[in-house]
Amino acid sequence: IGHFAERHGLILIVALGEVVVAIGIGIIESLDESGSLPTDVVMGLLAAGLFAGLLWWAYFDRVQPGLEWKGEQVDGQQRGWYAVDVYTYLHAIIVSGVIISAAALEEIILHPGDPVPLPFRIMLAGGLLMFLLGTVACVARAFRVVVPERIIASVVIVAIVAIGASWNGVALLLILDVVLFGVLVAEYVRVEGSRSTRETTTPEATGETP
């Protein structure tokens, strides 16, 4: 399982590299056209970089080590089924979501001051939903729990993309960054709070005998 976790983590890093490629294309195009980087282009590059960082946080901070740990707890045929479900089927959705989002980011960075065309808004929202719900499905498969923050975020993202037809690319991307950041912070606070509660209610902490 450790091998599966490491290799699929590397695959996701390669997919996140597509965001870096999109940033690079935006820089090259802008320099070719004007010989400089306008403010809206710089803002788009920063927003895209933050976007990639948030996706990295959403996977590697908790999901990746948690999935690897759970895989080590199962044996025999169950471990094989676990690896197939999590690292073959569900990771295909997660990685595809990152790549689709990166393709939409390229359009946003190339035209940061213009409204984002509907097909690219659908790609951006669809890719994000595939990524978020893919991680939700992985956690559900591994731990039989649901991550409510990411489901709520998926609904909010659909609403934002639906009403943001007139927003320019930078504004749309920055708002999505804020949503992702808020969701990850809320998730962190909930998980850490739950962990602290469990630690303080152990037999040792409450004076009870094991």
# chains A, B, ... in the order shown; residues from 1 in each chain; ligands from 1
$ residues_around --residues "region 170-181 of chain A" --least-positions-apart "5" --cutoff "10 Å" --atoms "only C-alpha atoms" --output "mmCIF file with all heavy atoms, in the first residue's frame"
data_model
loop_
_atom_site.group_PDB
_atom_site.id
_atom_site.type_symbol
_atom_site.label_atom_id
_atom_site.label_comp_id
_atom_site.auth_asym_id
_atom_site.auth_seq_id
_atom_site.Cartn_x
_atom_site.Cartn_y
_atom_site.Cartn_z
ATOM 1 N N ASP A 40 -3.575 42.610 -14.208
ATOM 2 C CA ASP A 40 -4.559 41.531 -14.187
ATOM 3 C C ASP A 40 -3.912 40.176 -14.466
ATOM 4 O O ASP A 40 -4.330 39.150 -13.927
ATOM 5 C CB ASP A 40 -5.693 41.801 -15.170
ATOM 6 C CG ASP A 40 -5.209 41.997 -16.595
ATOM 7 O OD1 ASP A 40 -3.978 42.053 -16.812
ATOM 8 O OD2 ASP A 40 -6.069 42.095 -17.496
ATOM 9 N N VAL A 41 -2.850 40.174 -15.286
ATOM 10 C CA VAL A 41 -2.131 38.927 -15.551
ATOM 11 C C VAL A 41 -1.413 38.459 -14.279
ATOM 12 O O VAL A 41 -1.455 37.273 -13.933
ATOM 13 C CB VAL A 41 -1.124 39.098 -16.703
ATOM 14 C CG1 VAL A 41 -0.258 37.836 -16.852
ATOM 15 C CG2 VAL A 41 -1.848 39.380 -18.002
ATOM 16 N N VAL A 42 -0.762 39.392 -13.587
ATOM 17 C CA VAL A 42 -0.066 39.045 -12.346
ATOM 18 C C VAL A 42 -1.056 38.508 -11.316
ATOM 19 O O VAL A 42 -0.788 37.503 -10.638
ATOM 20 C CB VAL A 42 0.679 40.273 -11.783
ATOM 21 C CG1 VAL A 42 1.273 39.948 -10.417
ATOM 22 C CG2 VAL A 42 1.782 40.699 -12.745
ATOM 23 N N MET A 43 -2.209 39.145 -11.205
ATOM 24 C CA MET A 43 -3.220 38.682 -10.263
ATOM 25 C C MET A 43 -3.710 37.286 -10.636
ATOM 26 O O MET A 43 -3.930 36.431 -9.776
ATOM 27 C CB MET A 43 -4.388 39.663 -10.230
ATOM 28 C CG MET A 43 -4.057 41.008 -9.597
ATOM 29 S SD MET A 43 -3.613 40.850 -7.851
ATOM 30 C CE MET A 43 -5.146 40.242 -7.168
ATOM 31 N N GLY A 44 -3.881 37.065 -11.942
ATOM 32 C CA GLY A 44 -4.300 35.742 -12.391
ATOM 33 C C GLY A 44 -3.266 34.686 -12.078
ATOM 34 O O GLY A 44 -3.608 33.569 -11.665
ATOM 35 N N LEU A 45 -1.998 35.014 -12.240
ATOM 36 C CA LEU A 45 -0.930 34.064 -11.936
ATOM 37 C C LEU A 45 -0.898 33.736 -10.444
ATOM 38 O O LEU A 45 -0.734 32.575 -10.047
ATOM 39 C CB LEU A 45 0.418 34.636 -12.375
ATOM 40 C CG LEU A 45 0.585 34.912 -13.874
ATOM 41 C CD1 LEU A 45 1.947 35.539 -14.153
ATOM 42 C CD2 LEU A 45 0.418 33.643 -14.678
ATOM 43 N N LEU A 46 -1.051 34.770 -9.610
ATOM 44 C CA LEU A 46 -1.068 34.539 -8.166
ATOM 45 C C LEU A 46 -2.268 33.693 -7.753
ATOM 46 O O LEU A 46 -2.147 32.780 -6.922
ATOM 47 C CB LEU A 46 -1.084 35.881 -7.429
ATOM 48 C CG LEU A 46 0.186 36.736 -7.547
ATOM 49 C CD1 LEU A 46 -0.018 38.091 -6.881
ATOM 50 C CD2 LEU A 46 1.368 36.015 -6.923
ATOM 51 N N ALA A 47 -3.426 33.989 -8.339
ATOM 52 C CA ALA A 47 -4.627 33.228 -8.009
ATOM 53 C C ALA A 47 -4.486 31.777 -8.442
ATOM 54 O O ALA A 47 -4.908 30.858 -7.725
ATOM 55 C CB ALA A 47 -5.852 33.865 -8.675
ATOM 56 N N ALA A 48 -3.883 31.553 -9.613
ATOM 57 C CA ALA A 48 -3.687 30.184 -10.092
ATOM 58 C C ALA A 48 -2.680 29.436 -9.220
ATOM 59 O O ALA A 48 -2.855 28.246 -8.930
ATOM 60 C CB ALA A 48 -3.212 30.204 -11.546
ATOM 61 N N GLY A 49 -1.625 30.130 -8.794
ATOM 62 C CA GLY A 49 -0.660 29.497 -7.903
ATOM 63 C C GLY A 49 -1.286 29.124 -6.570
ATOM 64 O O GLY A 49 -1.026 28.044 -6.031
ATOM 65 N N LEU A 50 -2.114 30.015 -6.035
ATOM 66 C CA LEU A 50 -2.818 29.724 -4.784
ATOM 67 C C LEU A 50 -3.768 28.550 -4.973
ATOM 68 O O LEU A 50 -3.894 27.686 -4.092
ATOM 69 C CB LEU A 50 -3.589 30.960 -4.327
ATOM 70 C CG LEU A 50 -4.403 30.822 -3.038
ATOM 71 C CD1 LEU A 50 -3.523 30.417 -1.872
ATOM 72 C CD2 LEU A 50 -5.137 32.134 -2.739
ATOM 73 N N PHE A 51 -4.418 28.498 -6.114
ATOM 74 C CA PHE A 51 -5.331 27.405 -6.437
ATOM 75 C C PHE A 51 -4.601 26.065 -6.377
ATOM 76 O O PHE A 51 -5.072 25.110 -5.755
ATOM 77 C CB PHE A 51 -5.910 27.645 -7.835
ATOM 78 C CG PHE A 51 -6.902 26.621 -8.295
ATOM 79 C CD1 PHE A 51 -8.234 26.724 -7.951
ATOM 80 C CD2 PHE A 51 -6.507 25.559 -9.087
ATOM 81 C CE1 PHE A 51 -9.165 25.783 -8.387
ATOM 82 C CE2 PHE A 51 -7.411 24.612 -9.522
ATOM 83 C CZ PHE A 51 -8.749 24.728 -9.180
ATOM 84 N N ALA A 52 -3.434 26.000 -7.015
ATOM 85 C CA ALA A 52 -2.650 24.763 -6.999
ATOM 86 C C ALA A 52 -2.230 24.405 -5.577
ATOM 87 O O ALA A 52 -2.270 23.233 -5.182
ATOM 88 C CB ALA A 52 -1.416 24.916 -7.892
ATOM 89 N N GLY A 53 -1.822 25.402 -4.794
ATOM 90 C CA GLY A 53 -1.421 25.146 -3.420
ATOM 91 C C GLY A 53 -2.563 24.618 -2.568
ATOM 92 O O GLY A 53 -2.366 23.731 -1.724
ATOM 93 N N LEU A 54 -3.769 25.136 -2.796
ATOM 94 C CA LEU A 54 -4.925 24.682 -2.031
ATOM 95 C C LEU A 54 -5.299 23.242 -2.394
ATOM 96 O O LEU A 54 -5.677 22.453 -1.520
ATOM 97 C CB LEU A 54 -6.106 25.612 -2.272
ATOM 98 C CG LEU A 54 -5.968 27.013 -1.657
ATOM 99 C CD1 LEU A 54 -7.062 27.939 -2.178
ATOM 100 C CD2 LEU A 54 -6.024 26.929 -0.130
ATOM 101 N N LEU A 55 -5.186 22.901 -3.665
ATOM 102 C CA LEU A 55 -5.442 21.515 -4.059
ATOM 103 C C LEU A 55 -4.407 20.590 -3.427
ATOM 104 O O LEU A 55 -4.738 19.468 -2.996
ATOM 105 C CB LEU A 55 -5.422 21.374 -5.588
ATOM 106 C CG LEU A 55 -6.543 22.083 -6.357
ATOM 107 C CD1 LEU A 55 -6.484 21.697 -7.835
ATOM 108 C CD2 LEU A 55 -7.911 21.767 -5.781
ATOM 109 N N TRP A 57 -2.852 21.060 -0.577
ATOM 110 C CA TRP A 57 -3.230 20.972 0.835
ATOM 111 C C TRP A 57 -4.413 20.026 1.007
ATOM 112 O O TRP A 57 -4.430 19.193 1.925
ATOM 113 C CB TRP A 57 -3.566 22.370 1.344
ATOM 114 C CG TRP A 57 -3.976 22.434 2.791
ATOM 115 C CD1 TRP A 57 -3.867 21.457 3.737
ATOM 116 C CD2 TRP A 57 -4.582 23.552 3.453
ATOM 117 N NE1 TRP A 57 -4.357 21.898 4.956
ATOM 118 C CE2 TRP A 57 -4.807 23.179 4.803
ATOM 119 C CE3 TRP A 57 -4.951 24.836 3.030
ATOM 120 C CZ2 TRP A 57 -5.378 24.039 5.729
ATOM 121 C CZ3 TRP A 57 -5.522 25.693 3.953
ATOM 122 C CH2 TRP A 57 -5.736 25.308 5.288
ATOM 123 N N ALA A 58 -5.405 20.136 0.134
ATOM 124 C CA ALA A 58 -6.621 19.337 0.260
ATOM 125 C C ALA A 58 -6.356 17.842 0.118
ATOM 126 O O ALA A 58 -7.150 17.029 0.608
ATOM 127 C CB ALA A 58 -7.646 19.773 -0.790
ATOM 128 N N LEU A 105 -7.965 26.812 -16.292
ATOM 129 C CA LEU A 105 -7.086 27.856 -15.779
ATOM 130 C C LEU A 105 -6.273 28.510 -16.888
ATOM 131 O O LEU A 105 -5.997 29.713 -16.855
ATOM 132 C CB LEU A 105 -6.143 27.282 -14.721
ATOM 133 C CG LEU A 105 -6.720 27.029 -13.329
ATOM 134 C CD1 LEU A 105 -5.652 26.419 -12.431
ATOM 135 C CD2 LEU A 105 -7.246 28.314 -12.721
ATOM 136 N N ILE A 108 -8.283 31.162 -18.394
ATOM 137 C CA ILE A 108 -8.438 32.296 -17.480
ATOM 138 C C ILE A 108 -7.174 33.147 -17.460
ATOM 139 O O ILE A 108 -7.238 34.380 -17.490
ATOM 140 C CB ILE A 108 -8.775 31.787 -16.065
ATOM 141 C CG1 ILE A 108 -10.182 31.181 -16.048
ATOM 142 C CG2 ILE A 108 -8.668 32.917 -15.040
ATOM 143 C CD1 ILE A 108 -10.557 30.532 -14.741
ATOM 144 N N ILE A 109 -6.023 32.508 -17.415
ATOM 145 C CA ILE A 109 -4.767 33.256 -17.335
ATOM 146 C C ILE A 109 -4.471 33.975 -18.645
ATOM 147 O O ILE A 109 -3.895 35.068 -18.648
ATOM 148 C CB ILE A 109 -3.619 32.306 -16.951
ATOM 149 C CG1 ILE A 109 -3.849 31.779 -15.530
ATOM 150 C CG2 ILE A 109 -2.264 33.004 -17.028
ATOM 151 C CD1 ILE A 109 -2.872 30.713 -15.113
ATOM 152 N N HIS A 111 -6.731 35.251 -20.608
ATOM 153 C CA HIS A 111 -7.673 36.374 -20.708
ATOM 154 C C HIS A 111 -8.205 36.714 -19.312
ATOM 155 O O HIS A 111 -9.406 36.577 -19.048
ATOM 156 C CB HIS A 111 -8.825 36.025 -21.655
ATOM 157 C CG HIS A 111 -8.374 35.527 -22.995
ATOM 158 N ND1 HIS A 111 -8.236 34.190 -23.285
ATOM 159 C CD2 HIS A 111 -7.994 36.202 -24.110
ATOM 160 C CE1 HIS A 111 -7.822 34.047 -24.533
ATOM 161 N NE2 HIS A 111 -7.652 35.249 -25.062
ATOM 162 N N PRO A 112 -7.332 37.172 -18.431
ATOM 163 C CA PRO A 112 -7.728 37.358 -17.026
ATOM 164 C C PRO A 112 -8.757 38.444 -16.794
ATOM 165 O O PRO A 112 -9.506 38.398 -15.813
ATOM 166 C CB PRO A 112 -6.399 37.700 -16.340
ATOM 167 C CG PRO A 112 -5.560 38.301 -17.422
ATOM 168 C CD PRO A 112 -5.929 37.554 -18.671
ATOM 169 N N GLY A 113 -8.810 39.438 -17.685
ATOM 170 C CA GLY A 113 -9.738 40.544 -17.487
ATOM 171 C C GLY A 113 -11.072 40.350 -18.161
ATOM 172 O O GLY A 113 -11.942 41.218 -18.058
ATOM 173 N N ASP A 114 -11.263 39.224 -18.838
ATOM 174 C CA ASP A 114 -12.512 38.973 -19.570
ATOM 175 C C ASP A 114 -13.388 37.982 -18.815
ATOM 176 O O ASP A 114 -12.882 37.137 -18.067
ATOM 177 C CB ASP A 114 -12.210 38.402 -20.962
ATOM 178 C CG ASP A 114 -11.379 39.349 -21.813
ATOM 179 O OD1 ASP A 114 -11.460 40.575 -21.565
ATOM 180 O OD2 ASP A 114 -10.652 38.867 -22.705
ATOM 181 N N PRO A 115 -14.708 38.063 -19.030
ATOM 182 C CA PRO A 115 -15.588 37.030 -18.470
ATOM 183 C C PRO A 115 -15.189 35.650 -19.001
ATOM 184 O O PRO A 115 -14.785 35.509 -20.153
ATOM 185 C CB PRO A 115 -16.979 37.448 -18.958
ATOM 186 C CG PRO A 115 -16.872 38.913 -19.221
ATOM 187 C CD PRO A 115 -15.470 39.127 -19.714
ATOM 188 N N VAL A 116 -15.312 34.651 -18.165
ATOM 189 C CA VAL A 116 -14.916 33.303 -18.543
ATOM 190 C C VAL A 116 -16.039 32.660 -19.362
ATOM 191 O O VAL A 116 -17.184 32.604 -18.886
ATOM 192 C CB VAL A 116 -14.614 32.441 -17.298
ATOM 193 C CG1 VAL A 116 -14.146 31.055 -17.715
ATOM 194 C CG2 VAL A 116 -13.568 33.127 -16.427
ATOM 195 N N ARG A 121 -16.003 27.719 -17.714
ATOM 196 C CA ARG A 121 -16.555 27.745 -16.354
ATOM 197 C C ARG A 121 -17.036 26.357 -15.954
ATOM 198 O O ARG A 121 -16.858 25.922 -14.809
ATOM 199 C CB ARG A 121 -17.701 28.755 -16.257
ATOM 200 C CG ARG A 121 -17.223 30.203 -16.180
ATOM 201 C CD ARG A 121 -18.359 31.149 -15.872
ATOM 202 N NE ARG A 121 -19.215 31.362 -17.015
ATOM 203 C CZ ARG A 121 -20.530 31.181 -17.035
ATOM 204 N NH1 ARG A 121 -21.149 30.746 -15.946
ATOM 205 N NH2 ARG A 121 -21.231 31.405 -18.110
ATOM 206 N N LEU A 124 -13.952 24.293 -15.186
ATOM 207 C CA LEU A 124 -13.360 24.654 -13.901
ATOM 208 C C LEU A 124 -14.186 24.079 -12.748
ATOM 209 O O LEU A 124 -13.635 23.450 -11.827
ATOM 210 C CB LEU A 124 -13.263 26.173 -13.778
ATOM 211 C CG LEU A 124 -12.614 26.724 -12.509
ATOM 212 C CD1 LEU A 124 -11.175 26.223 -12.378
ATOM 213 C CD2 LEU A 124 -12.642 28.253 -12.510
ATOM 214 N N ALA A 125 -15.496 24.288 -12.802
ATOM 215 C CA ALA A 125 -16.357 23.767 -11.736
ATOM 216 C C ALA A 125 -16.378 22.242 -11.742
ATOM 217 O O ALA A 125 -16.291 21.599 -10.686
ATOM 218 C CB ALA A 125 -17.772 24.310 -11.899
ATOM 219 N N LEU A 128 -13.130 20.813 -10.348
ATOM 220 C CA LEU A 128 -13.084 20.968 -8.895
ATOM 221 C C LEU A 128 -14.012 19.981 -8.195
ATOM 222 O O LEU A 128 -13.656 19.402 -7.167
ATOM 223 C CB LEU A 128 -13.472 22.396 -8.509
ATOM 224 C CG LEU A 128 -12.328 23.388 -8.316
ATOM 225 C CD1 LEU A 128 -12.884 24.771 -8.003
ATOM 226 C CD2 LEU A 128 -11.388 22.938 -7.222
ATOM 227 N N LEU A 132 -12.868 17.293 -5.442
ATOM 228 C CA LEU A 132 -13.390 17.325 -4.077
ATOM 229 C C LEU A 132 -14.213 16.079 -3.754
ATOM 230 O O LEU A 132 -14.015 15.436 -2.715
ATOM 231 C CB LEU A 132 -14.233 18.581 -3.870
ATOM 232 C CG LEU A 132 -13.478 19.913 -3.828
ATOM 233 C CD1 LEU A 132 -14.454 21.076 -3.810
ATOM 234 C CD2 LEU A 132 -12.550 19.977 -2.625
ATOM 235 N N GLU A 149 -17.718 19.316 4.837
ATOM 236 C CA GLU A 149 -17.232 20.594 4.309
ATOM 237 C C GLU A 149 -17.007 20.533 2.799
ATOM 238 O O GLU A 149 -17.319 21.491 2.072
ATOM 239 C CB GLU A 149 -15.928 20.996 5.003
ATOM 240 C CG GLU A 149 -16.064 21.312 6.475
ATOM 241 C CD GLU A 149 -15.947 20.074 7.352
ATOM 242 O OE1 GLU A 149 -15.810 18.952 6.794
ATOM 243 O OE2 GLU A 149 -15.985 20.224 8.585
ATOM 244 N N ARG A 150 -16.490 19.432 2.309
ATOM 245 C CA ARG A 150 -16.187 19.336 0.878
ATOM 246 C C ARG A 150 -17.451 19.170 0.042
ATOM 247 O O ARG A 150 -17.497 19.621 -1.107
ATOM 248 C CB ARG A 150 -15.200 18.193 0.635
ATOM 249 C CG ARG A 150 -13.895 18.406 1.373
ATOM 250 C CD ARG A 150 -12.802 17.448 0.966
ATOM 251 N NE ARG A 150 -11.608 17.681 1.804
ATOM 252 C CZ ARG A 150 -10.379 17.398 1.446
ATOM 253 N NH1 ARG A 150 -10.131 16.839 0.264
ATOM 254 N NH2 ARG A 150 -9.364 17.647 2.255
ATOM 255 N N ALA A 153 -18.833 22.653 -0.072
ATOM 256 C CA ALA A 153 -18.020 23.437 -0.998
ATOM 257 C C ALA A 153 -18.406 23.149 -2.442
ATOM 258 O O ALA A 153 -18.436 24.061 -3.279
ATOM 259 C CB ALA A 153 -16.545 23.138 -0.781
ATOM 260 N N SER A 154 -18.699 21.899 -2.748
ATOM 261 C CA SER A 154 -19.075 21.529 -4.112
ATOM 262 C C SER A 154 -20.358 22.252 -4.529
ATOM 263 O O SER A 154 -20.461 22.752 -5.657
ATOM 264 C CB SER A 154 -19.254 20.009 -4.214
ATOM 265 O OG SER A 154 -18.050 19.336 -3.917
ATOM 266 N N VAL A 156 -21.493 25.085 -3.239
ATOM 267 C CA VAL A 156 -21.183 26.522 -3.343
ATOM 268 C C VAL A 156 -20.452 26.825 -4.653
ATOM 269 O O VAL A 156 -20.734 27.836 -5.315
ATOM 270 C CB VAL A 156 -20.334 26.961 -2.135
ATOM 271 C CG1 VAL A 156 -19.845 28.401 -2.317
ATOM 272 C CG2 VAL A 156 -21.125 26.829 -0.848
ATOM 273 N N ILE A 157 -19.535 25.956 -5.049
ATOM 274 C CA ILE A 157 -18.781 26.167 -6.288
ATOM 275 C C ILE A 157 -19.714 26.171 -7.491
ATOM 276 O O ILE A 157 -19.588 27.007 -8.395
ATOM 277 C CB ILE A 157 -17.692 25.088 -6.427
ATOM 278 C CG1 ILE A 157 -16.564 25.363 -5.431
ATOM 279 C CG2 ILE A 157 -17.138 25.049 -7.858
ATOM 280 C CD1 ILE A 157 -15.588 24.226 -5.294
ATOM 281 N N ILE A 160 -21.515 29.485 -7.490
ATOM 282 C CA ILE A 160 -20.637 30.597 -7.884
ATOM 283 C C ILE A 160 -20.429 30.624 -9.386
ATOM 284 O O ILE A 160 -20.521 31.669 -10.039
ATOM 285 C CB ILE A 160 -19.289 30.495 -7.147
ATOM 286 C CG1 ILE A 160 -19.473 30.808 -5.664
ATOM 287 C CG2 ILE A 160 -18.257 31.428 -7.770
ATOM 288 C CD1 ILE A 160 -18.231 30.553 -4.840
ATOM 289 N N VAL A 161 -20.139 29.469 -9.955
ATOM 290 C CA VAL A 161 -19.890 29.404 -11.400
ATOM 291 C C VAL A 161 -21.163 29.725 -12.178
ATOM 292 O O VAL A 161 -21.116 30.337 -13.243
ATOM 293 C CB VAL A 161 -19.355 28.010 -11.771
ATOM 294 C CG1 VAL A 161 -19.272 27.850 -13.283
ATOM 295 C CG2 VAL A 161 -17.975 27.800 -11.156
ATOM 296 N N GLY A 164 -21.663 33.549 -11.906
ATOM 297 C CA GLY A 164 -20.495 34.370 -12.228
ATOM 298 C C GLY A 164 -20.226 34.545 -13.705
ATOM 299 O O GLY A 164 -19.073 34.733 -14.103
ATOM 300 N N ALA A 165 -21.279 34.527 -14.513
ATOM 301 C CA ALA A 165 -21.084 34.627 -15.966
ATOM 302 C C ALA A 165 -20.454 35.957 -16.375
ATOM 303 O O ALA A 165 -19.710 36.030 -17.362
ATOM 304 C CB ALA A 165 -22.417 34.441 -16.685
ATOM 305 N N ALA A 186 -12.068 25.175 7.889
ATOM 306 C CA ALA A 186 -13.183 24.637 8.664
ATOM 307 C C ALA A 186 -12.998 23.143 8.911
ATOM 308 O O ALA A 186 -13.263 22.649 10.019
ATOM 309 C CB ALA A 186 -14.500 24.898 7.930
ATOM 310 N N GLU A 187 -12.545 22.440 7.901
ATOM 311 C CA GLU A 187 -12.299 21.003 8.052
ATOM 312 C C GLU A 187 -11.203 20.742 9.087
ATOM 313 O O GLU A 187 -11.329 19.845 9.930
ATOM 314 C CB GLU A 187 -11.906 20.423 6.698
ATOM 315 C CG GLU A 187 -11.656 18.941 6.680
ATOM 316 C CD GLU A 187 -11.240 18.462 5.301
ATOM 317 O OE1 GLU A 187 -12.068 18.541 4.376
ATOM 318 O OE2 GLU A 187 -10.075 18.046 5.130
#
$ residues_around --residues "Glu106 (chain A)" --least-positions-apart "6" --cutoff "9 Å" --atoms "only C-alpha atoms" --output "PyMOL selection string"
chain A and resi 19+21-23+25-26
$ atom_distance --atom1 "CA of Ala104 (chain A)" --atom2 "CA of Phe120 (chain A)"
5.1 Å
$ atom_distance --atom1 "CA of Ile27 (chain A)" --atom2 "CA of Gly127 (chain A)"
23.1 Å
$ atom_distance --atom1 "CA of Arg7 (chain A)" --atom2 "CA of Pro148 (chain A)"
27.7 Å
$ closest_residue --among "A:Gly17, A:Thr197, A:Val86, A:Phe4" --to "Cys138 (chain A)" --atoms "only C-alpha atoms"
A:Val86
$ select_by_dssp --residues "region 107-193 of chain A" --states "alpha helix (DSSP H)" --output "VMD selection string"
chain A and resid 107 to 110 118 to 143 148 to 163 169 to 193
